[in-house]
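Structure data (compact mmCIF, C-alpha atoms and all ligand atoms) from start02.txt:
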# COMPACT_ATOMS: atom_id res chain seq x y z
CA MET X 15 -22.57 15.59 -17.45
CA SER X 16 -19.67 14.54 -19.68
CA LEU X 17 -16.20 13.51 -18.60
CA SER X 18 -12.98 12.99 -20.49
CA PHE X 19 -9.60 11.80 -19.25
CA ASP X 20 -7.68 13.36 -22.16
CA ASN X 21 -6.95 16.73 -20.58
CA THR X 22 -3.27 16.51 -19.63
CA GLU X 23 -3.08 20.19 -18.71
CA LYS X 24 -5.46 19.54 -15.79
CA ALA X 25 -3.86 16.19 -15.05
CA PHE X 26 -0.37 17.55 -14.53
CA ALA X 27 -1.03 21.14 -13.41
CA TYR X 28 0.50 20.25 -10.03
CA LYS X 29 3.77 19.07 -11.59
CA SER X 30 6.61 21.38 -12.63
CA ASP X 31 8.43 20.80 -15.95
CA LYS X 32 11.34 19.36 -13.97
CA ASP X 33 9.09 16.87 -12.13
CA LEU X 34 7.46 15.82 -15.39
CA LYS X 35 10.83 15.22 -17.04
CA LYS X 36 11.90 13.09 -14.10
CA ALA X 37 8.69 11.09 -14.38
CA LYS X 38 9.31 10.66 -18.10
CA PHE X 39 12.77 9.28 -17.38
CA LEU X 40 11.43 6.87 -14.74
CA PHE X 41 8.59 5.49 -16.88
CA SER X 42 10.94 5.20 -19.89
CA THR X 43 13.30 3.10 -17.74
CA MET X 44 10.43 0.90 -16.57
CA ASN X 45 9.65 0.30 -20.23
CA TYR X 46 12.52 -2.21 -20.26
CA PRO X 47 11.20 -5.44 -18.70
CA LEU X 48 14.72 -6.78 -18.14
CA PHE X 49 15.61 -3.70 -16.12
CA VAL X 50 12.49 -4.05 -13.98
CA THR X 51 13.09 -7.77 -13.41
CA LEU X 52 16.71 -7.17 -12.40
CA GLY X 53 15.83 -4.11 -10.32
CA THR X 54 13.05 -5.83 -8.37
CA ARG X 55 15.26 -8.84 -7.63
CA LEU X 56 18.43 -6.92 -6.77
CA THR X 57 17.12 -3.90 -4.84
CA PRO X 58 16.08 -5.71 -1.61
CA PHE X 59 19.47 -7.47 -1.63
CA LEU X 60 21.45 -4.27 -2.33
CA MET X 61 19.60 -2.50 0.49
CA LYS X 62 20.99 -5.07 2.90
CA THR X 63 24.59 -4.70 1.68
CA GLY X 64 24.73 -1.09 2.90
CA LEU X 65 25.56 0.24 -0.57
CA PRO X 66 24.43 3.88 -1.03
CA ILE X 67 21.34 2.94 -2.96
CA ASN X 68 18.91 4.95 -0.81
CA GLY X 69 19.81 8.24 -2.54
CA ILE X 70 19.11 6.81 -5.99
CA LEU X 71 15.79 5.34 -4.88
CA ARG X 72 14.76 8.49 -3.02
CA ASN X 73 15.14 10.71 -6.09
CA THR X 74 13.49 8.35 -8.54
CA ILE X 75 10.89 5.68 -7.79
CA PHE X 76 10.32 6.73 -4.15
CA LYS X 77 9.61 10.36 -5.10
CA GLN X 78 7.20 9.27 -7.83
CA PHE X 79 5.10 6.85 -5.76
CA VAL X 80 5.57 7.77 -2.07
CA GLY X 81 4.71 10.91 -0.06
CA GLY X 82 7.81 10.92 2.15
CA GLU X 83 9.58 9.02 4.90
CA THR X 84 7.57 10.67 7.71
CA LEU X 85 4.18 12.27 8.16
CA GLN X 86 5.89 15.64 8.31
CA GLU X 87 7.58 15.07 4.95
CA THR X 88 4.28 13.89 3.46
CA ALA X 89 2.24 16.93 4.59
CA PRO X 90 3.26 19.22 1.65
CA VAL X 91 2.06 16.58 -0.83
CA VAL X 92 -1.27 16.32 1.01
CA ASN X 93 -1.64 20.12 0.92
CA LEU X 94 -0.70 20.34 -2.73
CA LEU X 95 -3.33 17.75 -3.69
CA ASP X 96 -5.94 19.65 -1.67
CA LYS X 97 -5.41 22.70 -3.89
CA TYR X 98 -6.79 20.62 -6.77
CA ASN X 99 -9.78 19.20 -4.85
CA VAL X 100 -7.99 15.83 -4.57
CA LYS X 101 -8.28 13.88 -1.34
CA VAL X 102 -5.82 11.43 0.19
CA ILE X 103 -5.93 7.85 1.46
CA LEU X 104 -2.99 7.83 3.81
CA ASP X 105 -1.06 4.59 3.93
CA TYR X 106 1.60 3.98 6.56
CA GLY X 107 3.62 1.64 4.37
CA VAL X 108 4.79 -0.92 6.89
CA GLU X 109 5.17 -4.33 5.26
CA GLY X 110 6.81 -7.56 6.27
CA LYS X 111 7.84 -6.48 9.80
CA GLU X 112 7.16 -9.36 12.17
CA GLY X 113 7.13 -9.57 15.98
CA GLU X 114 4.62 -8.53 18.66
CA ASP X 115 6.60 -5.36 19.45
CA ASN X 116 6.50 -4.24 15.84
CA PHE X 117 2.76 -5.00 15.62
CA ASP X 118 2.10 -2.89 18.73
CA LYS X 119 4.27 -0.08 17.39
CA ALA X 120 2.44 -0.21 14.06
CA THR X 121 -0.90 0.02 15.91
CA GLU X 122 0.25 3.17 17.67
CA GLU X 123 1.50 4.58 14.38
CA PHE X 124 -1.90 3.91 12.75
CA VAL X 125 -3.58 5.74 15.62
CA ARG X 126 -1.21 8.66 15.11
CA VAL X 127 -1.99 8.66 11.39
CA ILE X 128 -5.75 8.73 12.14
CA GLU X 129 -5.30 11.61 14.55
CA TYR X 130 -3.30 13.50 11.94
CA ALA X 131 -5.87 12.69 9.21
CA ALA X 132 -8.62 14.12 11.43
CA THR X 133 -6.84 17.49 11.47
CA GLN X 134 -6.70 17.67 7.67
CA LYS X 135 -9.73 18.44 5.54
CA ASN X 136 -8.72 16.18 2.65
CA ILE X 137 -7.80 12.86 4.33
CA PRO X 138 -11.07 10.91 4.68
CA PHE X 139 -9.40 7.46 4.87
CA ILE X 140 -6.36 5.58 6.04
CA SER X 141 -5.44 2.13 4.79
CA ILE X 142 -4.17 -0.87 6.70
CA LYS X 143 -2.55 -4.17 5.88
CA ILE X 144 -3.39 -6.83 8.46
CA THR X 145 0.10 -8.25 7.88
CA GLY X 146 1.34 -5.08 9.59
CA LEU X 147 -0.51 -6.20 12.74
CA ALA X 148 -0.33 -10.00 12.58
CA ARG X 149 2.22 -12.74 11.96
CA PHE X 150 1.99 -13.96 8.36
CA ALA X 151 2.29 -17.62 9.39
CA LEU X 152 -0.55 -17.19 11.90
CA LEU X 153 -2.80 -15.88 9.13
CA GLU X 154 -1.77 -18.83 6.96
CA THR X 155 -2.68 -21.27 9.74
CA LEU X 156 -6.04 -19.62 10.33
CA ASN X 157 -6.68 -19.62 6.61
CA GLU X 158 -6.36 -23.40 6.69
CA ALA X 159 -8.64 -23.80 9.73
CA PRO X 160 -12.01 -25.32 8.88
CA ARG X 161 -14.48 -22.58 8.02
CA LEU X 162 -17.28 -24.18 10.05
CA ARG X 163 -15.28 -23.49 13.15
CA SER X 164 -14.96 -19.87 12.02
CA GLY X 165 -11.23 -20.11 12.08
CA ILE X 166 -11.23 -21.10 15.75
CA HIS X 167 -8.41 -23.36 16.15
CA ASP X 168 -7.27 -25.54 18.99
CA ASN X 169 -3.85 -24.05 19.65
CA GLU X 170 -4.28 -21.87 22.73
CA LEU X 171 -1.18 -19.79 22.13
CA GLU X 172 -2.24 -19.01 18.60
CA ASN X 173 -5.78 -18.23 19.73
CA ASP X 174 -4.36 -15.71 22.21
CA GLU X 175 -2.15 -14.27 19.50
CA TRP X 176 -5.21 -13.87 17.23
CA GLU X 177 -7.11 -12.17 20.06
CA ARG X 178 -4.30 -9.63 20.30
CA VAL X 179 -4.59 -8.96 16.55
CA LYS X 180 -8.33 -8.39 17.01
CA ASP X 181 -7.66 -6.03 19.92
CA ARG X 182 -5.26 -4.02 17.77
CA MET X 183 -7.82 -3.75 14.98
CA TYR X 184 -10.59 -2.90 17.42
CA HIS X 185 -8.49 -0.11 18.93
CA ILE X 186 -7.64 1.36 15.52
CA CYS X 187 -11.26 1.23 14.31
CA GLU X 188 -12.55 2.75 17.53
CA VAL X 189 -10.20 5.75 17.27
CA ALA X 190 -11.10 6.08 13.58
CA ALA X 191 -14.84 6.04 14.36
CA GLN X 192 -14.37 8.73 17.00
CA HIS X 193 -12.46 10.91 14.53
CA ASN X 194 -14.70 10.25 11.52
CA VAL X 195 -11.89 8.72 9.49
CA GLY X 196 -12.55 5.62 7.33
CA VAL X 197 -10.35 2.52 7.66
CA LEU X 198 -9.65 0.60 4.45
CA ILE X 199 -8.39 -2.94 4.99
CA ASP X 200 -6.18 -4.01 2.08
CA ALA X 201 -6.64 -7.39 0.42
CA GLU X 202 -3.52 -9.52 0.29
CA GLU X 203 -2.57 -13.05 -0.88
CA THR X 204 -5.34 -15.68 -1.15
CA TRP X 205 -3.58 -17.98 1.30
CA ILE X 206 -4.05 -15.49 4.14
CA GLN X 207 -7.21 -13.70 2.98
CA ASP X 208 -9.94 -15.68 4.81
CA PRO X 209 -9.00 -14.52 8.33
CA ILE X 210 -8.59 -10.98 7.00
CA ASP X 211 -12.12 -11.11 5.56
CA ARG X 212 -13.53 -12.57 8.78
CA LEU X 213 -11.89 -9.94 10.93
CA THR X 214 -12.99 -7.14 8.61
CA MET X 215 -16.60 -8.36 8.59
CA GLU X 216 -16.50 -8.49 12.39
CA MET X 217 -15.23 -4.90 12.55
CA MET X 218 -17.86 -3.76 10.04
CA GLU X 219 -20.61 -5.40 12.05
CA HIS X 220 -19.46 -3.47 15.08
CA PHE X 221 -18.54 -0.09 13.61
CA ASN X 222 -20.69 0.28 10.47
CA LYS X 223 -24.12 0.50 12.10
CA GLU X 224 -24.91 4.15 11.37
CA LYS X 225 -22.05 5.26 9.15
CA VAL X 226 -19.36 3.45 7.20
CA VAL X 227 -16.08 3.36 9.09
CA VAL X 228 -14.55 0.06 7.92
CA TYR X 229 -14.11 -1.10 4.31
CA ASN X 230 -13.03 -4.49 3.01
CA THR X 231 -11.15 -4.86 -0.30
CA ILE X 232 -12.54 -7.05 -3.06
CA GLN X 233 -9.98 -8.28 -5.63
CA LEU X 234 -11.90 -8.91 -8.84
CA TYR X 235 -8.95 -10.71 -10.47
CA ARG X 236 -10.13 -13.62 -8.30
CA HIS X 237 -12.90 -15.58 -9.97
CA ASP X 238 -14.79 -16.10 -6.69
CA ARG X 239 -14.98 -12.49 -5.55
CA LEU X 240 -18.09 -11.20 -7.32
CA ASP X 241 -20.03 -13.88 -5.43
CA PHE X 242 -18.15 -12.95 -2.27
CA LEU X 243 -19.22 -9.32 -2.70
CA LYS X 244 -22.87 -10.39 -2.98
CA LEU X 245 -22.51 -12.74 0.00
CA SER X 246 -20.95 -9.93 2.08
CA HIS X 247 -23.90 -7.72 1.15
CA ARG X 248 -26.42 -10.42 2.21
CA ILE X 249 -24.62 -10.86 5.55
CA ALA X 250 -24.56 -7.08 6.09
CA LYS X 251 -28.31 -6.86 5.46
CA GLN X 252 -29.05 -9.78 7.80
CA ALA X 253 -26.83 -8.39 10.56
CA ASN X 254 -28.07 -4.87 9.92
CA PHE X 255 -24.86 -3.02 9.13
CA LEU X 256 -23.61 -1.00 6.17
CA LEU X 257 -21.14 -2.69 3.86
CA GLY X 258 -17.98 -0.79 2.91
CA VAL X 259 -15.97 -2.07 -0.05
CA LYS X 260 -12.94 -0.97 -2.03
CA LEU X 261 -13.01 -2.58 -5.47
CA VAL X 262 -9.62 -3.43 -7.01
CA ARG X 263 -8.47 -5.79 -9.72
CA GLY X 264 -5.55 -7.09 -7.65
CA ALA X 265 -1.81 -6.74 -7.22
CA TYR X 266 -0.42 -10.25 -6.70
CA MET X 267 -1.35 -12.04 -9.92
CA GLU X 268 2.05 -13.51 -10.83
CA LYS X 269 2.70 -14.67 -7.26
CA GLU X 270 -0.76 -16.27 -7.05
CA ARG X 271 -0.35 -18.11 -10.34
CA GLU X 272 3.16 -19.32 -9.49
CA ARG X 273 2.10 -20.70 -6.09
CA ALA X 274 -1.01 -22.40 -7.48
CA ALA X 275 1.08 -24.11 -10.17
CA GLN X 276 3.80 -25.08 -7.71
CA LYS X 277 1.40 -26.52 -5.11
CA ARG X 278 -0.94 -27.92 -7.74
CA TYR X 279 -4.22 -26.34 -6.70
CA PRO X 280 -6.66 -24.54 -9.03
CA ASP X 281 -5.53 -21.05 -10.03
CA PRO X 282 -7.60 -18.54 -7.99
CA ILE X 283 -7.12 -15.89 -10.69
CA GLN X 284 -9.47 -15.33 -13.65
CA THR X 285 -8.44 -17.10 -16.84
CA ASN X 286 -7.88 -13.81 -18.67
CA LYS X 287 -7.94 -10.02 -18.35
CA GLU X 288 -11.36 -9.75 -20.04
CA ASN X 289 -12.94 -11.81 -17.26
CA THR X 290 -11.26 -9.65 -14.60
CA ASP X 291 -12.59 -6.52 -16.35
CA LYS X 292 -16.06 -8.05 -16.68
CA ASP X 293 -16.29 -8.91 -12.96
CA PHE X 294 -14.82 -5.56 -11.91
CA ASN X 295 -17.44 -3.70 -13.94
CA GLU X 296 -20.22 -6.00 -12.68
CA ALA X 297 -19.09 -5.25 -9.12
CA VAL X 298 -19.22 -1.49 -9.84
CA LYS X 299 -22.78 -1.89 -11.19
CA TYR X 300 -23.84 -4.04 -8.24
CA CYS X 301 -22.54 -1.57 -5.66
CA ILE X 302 -23.99 1.50 -7.34
CA SER X 303 -27.38 -0.17 -7.68
CA ASN X 304 -27.28 -0.84 -3.92
CA ILE X 305 -25.73 2.48 -2.97
CA ASN X 306 -27.92 3.01 0.07
CA GLU X 307 -26.55 -0.16 1.67
CA ILE X 308 -23.03 -0.27 0.19
CA ALA X 309 -20.36 2.41 0.29
CA VAL X 310 -17.98 1.79 -2.60
CA ILE X 311 -14.50 2.97 -3.52
CA VAL X 312 -13.68 2.46 -7.19
CA ALA X 313 -9.91 1.95 -6.90
CA SER X 314 -8.67 1.64 -10.46
CA HIS X 315 -6.52 3.13 -13.21
CA ASN X 316 -8.80 1.70 -15.86
CA GLU X 317 -10.45 4.55 -17.75
CA GLN X 318 -13.45 2.48 -18.85
CA SER X 319 -14.25 1.31 -15.31
CA ASN X 320 -14.04 4.86 -13.97
CA LEU X 321 -16.21 6.16 -16.81
CA LEU X 322 -18.70 3.38 -16.20
CA ALA X 323 -19.05 4.35 -12.53
CA PHE X 324 -19.37 8.04 -13.42
CA ASP X 325 -22.02 7.34 -16.10
CA LEU X 326 -24.01 5.09 -13.77
CA LEU X 327 -24.14 7.83 -11.16
CA ASN X 328 -25.44 10.29 -13.72
CA LYS X 329 -27.92 7.85 -15.21
CA ASN X 330 -29.35 7.08 -11.78
CA SER X 331 -29.31 10.75 -10.69
CA ILE X 332 -26.92 10.01 -7.83
CA ALA X 333 -24.75 12.99 -6.86
CA VAL X 334 -21.12 12.42 -7.92
CA ASN X 335 -20.05 13.44 -4.42
CA HIS X 336 -22.57 11.12 -2.66
CA SER X 337 -21.00 9.94 0.60
CA HIS X 338 -21.20 6.28 -0.53
CA ILE X 339 -19.12 6.70 -3.70
CA HIS X 340 -15.45 7.50 -3.94
CA PHE X 341 -12.78 7.08 -6.63
CA SER X 342 -9.08 6.50 -6.03
CA GLN X 343 -5.80 6.01 -7.90
CA LEU X 344 -2.32 5.33 -6.58
CA TYR X 345 -0.11 8.39 -6.11
CA GLY X 346 2.20 8.62 -9.12
CA MET X 347 -0.21 6.94 -11.51
CA SER X 348 -3.15 7.99 -13.72
CA ASP X 349 -3.23 11.67 -12.84
CA ASN X 350 -5.39 12.16 -15.93
CA ILE X 351 -8.16 10.17 -14.20
CA THR X 352 -7.78 11.66 -10.72
CA PHE X 353 -7.53 15.32 -11.62
CA ASN X 354 -10.23 15.25 -14.29
CA LEU X 355 -12.60 13.47 -11.86
CA ALA X 356 -11.76 16.09 -9.21
CA ASP X 357 -12.52 18.81 -11.74
CA THR X 358 -16.08 17.47 -12.14
CA ASN X 359 -16.50 17.56 -8.34
CA CYS X 360 -16.27 13.80 -7.82
CA SER X 361 -14.97 12.60 -4.48
CA VAL X 362 -11.57 11.28 -5.58
CA SER X 363 -8.26 10.59 -3.88
CA LYS X 364 -4.69 9.55 -4.29
CA TYR X 365 -3.60 6.50 -2.30
CA LEU X 366 -0.49 7.95 -0.70
CA PRO X 367 1.98 5.73 1.14
CA PHE X 368 4.63 7.08 3.46
CA GLY X 369 7.36 5.44 5.50
CA PRO X 370 11.10 4.81 5.68
CA ILE X 371 12.53 3.72 2.32
CA ARG X 372 13.44 0.22 3.53
CA ASP X 373 9.86 -0.35 4.72
CA VAL X 374 8.18 0.67 1.48
CA ILE X 375 10.45 -1.40 -0.78
CA PRO X 376 7.85 -4.20 -1.33
CA TYR X 377 5.30 -1.53 -2.33
CA LEU X 378 7.78 0.09 -4.72
CA MET X 379 8.65 -3.24 -6.28
CA ARG X 380 4.95 -3.92 -6.96
CA ARG X 381 4.65 -0.47 -8.58
CA ALA X 382 7.70 -1.15 -10.76
CA GLN X 383 6.19 -4.45 -11.90
CA GLU X 384 2.75 -2.94 -12.47
CA ASN X 385 4.34 -0.20 -14.57
CA SER X 386 6.69 -2.36 -16.60
CA SER X 387 5.96 -2.60 -20.29
CA VAL X 388 4.84 -6.22 -19.81
CA ALA X 389 1.97 -5.15 -17.58
CA GLY X 390 1.03 -2.41 -20.01
CA GLN X 391 0.62 0.65 -17.75
CA THR X 392 3.93 2.31 -18.78
CA GLY X 393 2.75 3.04 -22.29
CA ARG X 394 -0.27 4.88 -20.94
CA GLU X 395 1.70 6.93 -18.40
CA LEU X 396 4.54 7.74 -20.78
CA GLY X 397 2.14 8.75 -23.55
CA LEU X 398 0.34 11.20 -21.25
CA ILE X 399 3.56 12.71 -19.89
CA LYS X 400 4.99 13.18 -23.39
CA LYS X 401 1.74 14.75 -24.57
CA GLU X 402 1.81 17.26 -21.71
CA LEU X 403 5.50 18.10 -22.19
CA ALA X 404 4.83 18.73 -25.89
CA ARG X 405 1.83 20.90 -25.04
CA ARG X 406 3.90 22.99 -22.62
CA LYS X 407 6.72 23.35 -25.14
CA GLY X 408 4.31 24.46 -27.87
CA LYS X 409 2.74 27.19 -25.73
C1 LIG X 501 -6.58 3.04 -4.10
C2 LIG X 501 -6.05 1.68 -4.45
C3 LIG X 501 -5.99 0.70 -3.48
C4 LIG X 501 -5.52 -0.58 -3.80
N1 LIG X 501 -5.54 -1.57 -2.85
C5 LIG X 501 -5.22 -2.85 -3.20
C6 LIG X 501 -5.35 -3.92 -2.30
O1 LIG X 501 -5.76 -3.74 -1.15
N2 LIG X 501 -5.00 -5.16 -2.70
C7 LIG X 501 -4.55 -5.41 -3.98
O2 LIG X 501 -4.28 -6.57 -4.30
N3 LIG X 501 -4.38 -4.39 -4.86
C8 LIG X 501 -4.71 -3.13 -4.50
N4 LIG X 501 -4.57 -2.12 -5.39
C9 LIG X 501 -3.72 -2.32 -6.58
C10 LIG X 501 -4.51 -2.71 -7.72
O3 LIG X 501 -4.80 -4.05 -7.52
C11 LIG X 501 -3.75 -2.52 -9.03
O4 LIG X 501 -3.38 -1.17 -9.11
C12 LIG X 501 -4.74 -2.87 -10.10
O5 LIG X 501 -4.88 -4.25 -10.16
C13 LIG X 501 -4.39 -2.36 -11.45
O6 LIG X 501 -5.57 -2.54 -12.23
P1 LIG X 501 -6.49 -1.38 -12.70
O7 LIG X 501 -7.85 -1.51 -12.11
O8 LIG X 501 -5.81 -0.11 -12.48
O9 LIG X 501 -6.77 -1.66 -14.23
P2 LIG X 501 -5.98 -2.27 -15.45
O10 LIG X 501 -4.67 -1.60 -15.63
O11 LIG X 501 -6.97 -2.25 -16.56
O12 LIG X 501 -5.76 -3.80 -15.07
C14 LIG X 501 -4.55 -4.40 -14.70
C15 LIG X 501 -4.92 -5.50 -13.72
O13 LIG X 501 -5.75 -6.49 -14.38
C16 LIG X 501 -5.45 -7.78 -13.85
N5 LIG X 501 -4.95 -8.62 -14.95
C17 LIG X 501 -3.95 -8.29 -15.84
N6 LIG X 501 -3.73 -9.31 -16.70
C18 LIG X 501 -4.59 -10.29 -16.37
C19 LIG X 501 -4.80 -11.60 -16.86
N7 LIG X 501 -4.11 -12.09 -17.89
N8 LIG X 501 -5.76 -12.35 -16.28
C20 LIG X 501 -6.48 -11.89 -15.23
N9 LIG X 501 -6.31 -10.66 -14.71
C21 LIG X 501 -5.38 -9.86 -15.26
C22 LIG X 501 -4.39 -7.58 -12.75
O14 LIG X 501 -5.07 -7.45 -11.52
C23 LIG X 501 -3.73 -6.29 -13.16
O15 LIG X 501 -3.17 -5.61 -12.05
C24 LIG X 501 -5.06 -0.86 -5.12
C25 LIG X 501 -5.12 0.15 -6.08
C26 LIG X 501 -5.63 1.39 -5.77
C27 LIG X 501 -5.72 2.41 -6.86

Give the structure from the file, written as structure tokens.
Ligand SMILES: Cc1cc2nc3c(=O)[nH]c(=O)nc-3n(C[C@H](O)[C@H](O)[C@H](O)COP(=O)(O)OP(=O)(O)OC[C@H]3O[C@@H](n4cnc5c(N)ncnc54)[C@H](O)[C@@H]3O)c2cc1C
Amino acid sequence: MSLSFDNTEKAFAYKSDKDLKKAKFLFSTMNYPLFVTLGTRLTPFLMKTGLPINGILRNTIFKQFVGGETLQETAPVVNLLDKYNVKVILDYGVEGKEGEDNFDKATEEFVRVIEYAATQKNIPFISIKITGLARFALLETLNEAPRLRSGIHDNELENDEWERVKDRMYHICEVAAQHNVGVLIDAEETWIQDPIDRLTMEMMEHFNKEKVVVYNTIQLYRHDRLDFLKLSHRIAKQANFLLGVKLVRGAYMEKERERAAQKRYPDPIQTNKENTDKDFNEAVKYCISNINEIAVIVASHNEQSNLLAFDLLNKNSIAVNHSHIHFSQLYGMSDNITFNLADTNCSVSKYLPFGPIRDVIPYLMRRAQENSSVAGQTGRELGLIKKELARRKGK
């Protein structure tokens, strides 16, 4: 079976001319690195001043990358994607809200999201950031705790606090298992990732015995993660559970490099993009060659990596809609990959965040950076949008 990502008619069939023109304007703006740098620094500050910036954000970057402020507002986007055989990973975009009350509220919201997902035929997964359920500084402390003690650490209050985080996760995963909805745990900064990995492995051991409910995220821009993937697989085999993984390159590269330089420890990120690509593709190969024991989500906007996964499935006579393989791109990006994969009957989704504007600002800032001309994605998006607008005009 052959696959091409060049068909912009299929890619943008769900967008009106007006929407496409708006997207063209947005990506053209993000083509100016200075604008993105200023915007990402000033926006969080301007939000606090009470200036009427919400309206501008809502009609531009928010509309492009986010489903809506509430589940209700997001539902039409979910339904629209379903018309094109595209699934949804629903992401309640709570970030950076600290305090036990907020963590408990977030837990309830995640449960609500799972219950909603279970009523929709095209929402197989929800995603979670552990920093939405746990204090960042607690995760940092646990990250520092000696590994041999499995992160157990001698501060009773903090141990209790960690137990509450585990309870929250356990509750969420239990509801998800009952409703047949997968839970994807996002990967975050290296200096808090160890406790996230430990907790996720614990949840997988409990919930992934017969089917895959919980997935960890492997960031292949880290030079130690291909080994970590193989180690996770060995542990899963020994403990007799199925491994679930979402493969990503990684979203915090600049921050990681800056911190490593500042604190003078070895950079955790690969020395160059080629090495990130190499490890990502190796991880895809590894997972597909162990598809009976690993459920994998190829979460990428890289055409070559997606084609590689698709070709490997065909070469190994694995159905493209096998329950252990799934593809995903962020909502607002790489529609040419998503909609062309969907057209060949692959199981593919958009990662769709929703939440109040002020809560999704960190997510939007990461998207602006990822799509700035420095990072290189803008050219791709803009080129595709222009091609489709020209095609529609020439009809
Ligand atoms: C469904 C989904 C879920 C996601 N979940 C997470 C998550 O949980 N955690 C997370 O961190 N990210 C997550 N991401 C974001 C993802 O990390 C970025 O979208 C991704 O890194 C962009 O890379 P790409 O695979 O699309 O390919 P490309 O556009 O080919 O690669 C760009 C990426 O390559 C890497 N890179 C670029 N330059 C260099 C360099 N000089 N040296 C080394 N590496 C380099 C960076 O990671 C950069 O983002 C998710 C993405 C999707 C689609």

Test item: residues at most 12 Å from Val91 (chain X), all atoms listed in the file, excluding those fewer than 2 positions along its chain, as a PyMOL selection string: chain X and resi 28-29+77-82+84-89+93-98+100-102+104+136-137+345-346+364-368

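One distance worth recording is that between CA of His338 (chain X) and CA of Phe255 (chain X), which is 13.9 Å.
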
Close residues to ligand LIG 501 (chain X) using all atoms listed in the file, limit 8 Å, as a PyMOL selection string: chain X and resi 103+143+199-203+231-235+260-267+283-291+311-317+319+341-344+363-365+384+389-391

Hey, can you spit out that residue selection with C-alpha atoms as a tab-separated table (two decimals), in the frame of the given file?
chain	number	residue	atom	x	y	z
X	103	ILE	CA	-5.93	7.85	1.46
X	143	LYS	CA	-2.55	-4.17	5.88
X	199	ILE	CA	-8.39	-2.94	4.99
X	200	ASP	CA	-6.18	-4.01	2.08
X	201	ALA	CA	-6.64	-7.39	0.42
X	202	GLU	CA	-3.52	-9.52	0.29
X	203	GLU	CA	-2.57	-13.05	-0.88
X	231	THR	CA	-11.15	-4.86	-0.30
X	232	ILE	CA	-12.54	-7.05	-3.06
X	233	GLN	CA	-9.98	-8.28	-5.63
X	234	LEU	CA	-11.90	-8.91	-8.84
X	235	TYR	CA	-8.95	-10.71	-10.47
X	260	LYS	CA	-12.94	-0.97	-2.03
X	261	LEU	CA	-13.01	-2.58	-5.47
X	262	VAL	CA	-9.62	-3.43	-7.01
X	263	ARG	CA	-8.47	-5.79	-9.72
X	264	GLY	CA	-5.55	-7.09	-7.65
X	265	ALA	CA	-1.81	-6.74	-7.22
X	266	TYR	CA	-0.42	-10.25	-6.70
X	267	MET	CA	-1.35	-12.04	-9.92
X	283	ILE	CA	-7.12	-15.89	-10.69
X	284	GLN	CA	-9.47	-15.33	-13.65
X	285	THR	CA	-8.44	-17.10	-16.84
X	286	ASN	CA	-7.88	-13.81	-18.67
X	287	LYS	CA	-7.94	-10.02	-18.35
X	288	GLU	CA	-11.36	-9.75	-20.04
X	289	ASN	CA	-12.94	-11.81	-17.26
X	290	THR	CA	-11.26	-9.65	-14.60
X	291	ASP	CA	-12.59	-6.52	-16.35
X	311	ILE	CA	-14.50	2.97	-3.52
X	312	VAL	CA	-13.68	2.46	-7.19
X	313	ALA	CA	-9.91	1.95	-6.90
X	314	SER	CA	-8.67	1.64	-10.46
X	315	HIS	CA	-6.52	3.13	-13.21
X	316	ASN	CA	-8.80	1.70	-15.86
X	317	GLU	CA	-10.45	4.55	-17.75
X	319	SER	CA	-14.25	1.31	-15.31
X	341	PHE	CA	-12.78	7.08	-6.63
X	342	SER	CA	-9.08	6.50	-6.03
X	343	GLN	CA	-5.80	6.01	-7.90
X	344	LEU	CA	-2.32	5.33	-6.58
X	363	SER	CA	-8.26	10.59	-3.88
X	364	LYS	CA	-4.69	9.55	-4.29
X	365	TYR	CA	-3.60	6.50	-2.30
X	384	GLU	CA	2.75	-2.94	-12.47
X	389	ALA	CA	1.97	-5.15	-17.58
X	390	GLY	CA	1.03	-2.41	-20.01
X	391	GLN	CA	0.62	0.65	-17.75

Best match for closeness to Leu213 (chain X) among X:Leu240, X:Ile144, X:Asn169, X:Gln192, counting only C-alpha atoms: X:Ile144

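Considering the residues X:Glu23, X:Thr204, X:Gly258, X:His193 and counting all atoms listed in the file, His237 (chain X) has its shortest atom-to-atom contact with X:Thr204.
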
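You can rank X:Asp349, X:Val228, X:Thr74, X:Phe324 by their closest distance to Asp33 (chain X) using only C-alpha atoms, and at the top of that list sits X:Thr74.
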
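Take the candidates X:Asn157, X:Asn330, X:Asn68, X:Gln134 and check each one against Pro90 (chain X) using only C-alpha atoms; the shortest distance goes to X:Gln134.
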
Counting only C-alpha atoms, the option among X:Ser337, X:Lys407, X:Asn99, X:Ala309 closest to Lys24 (chain X): X:Asn99
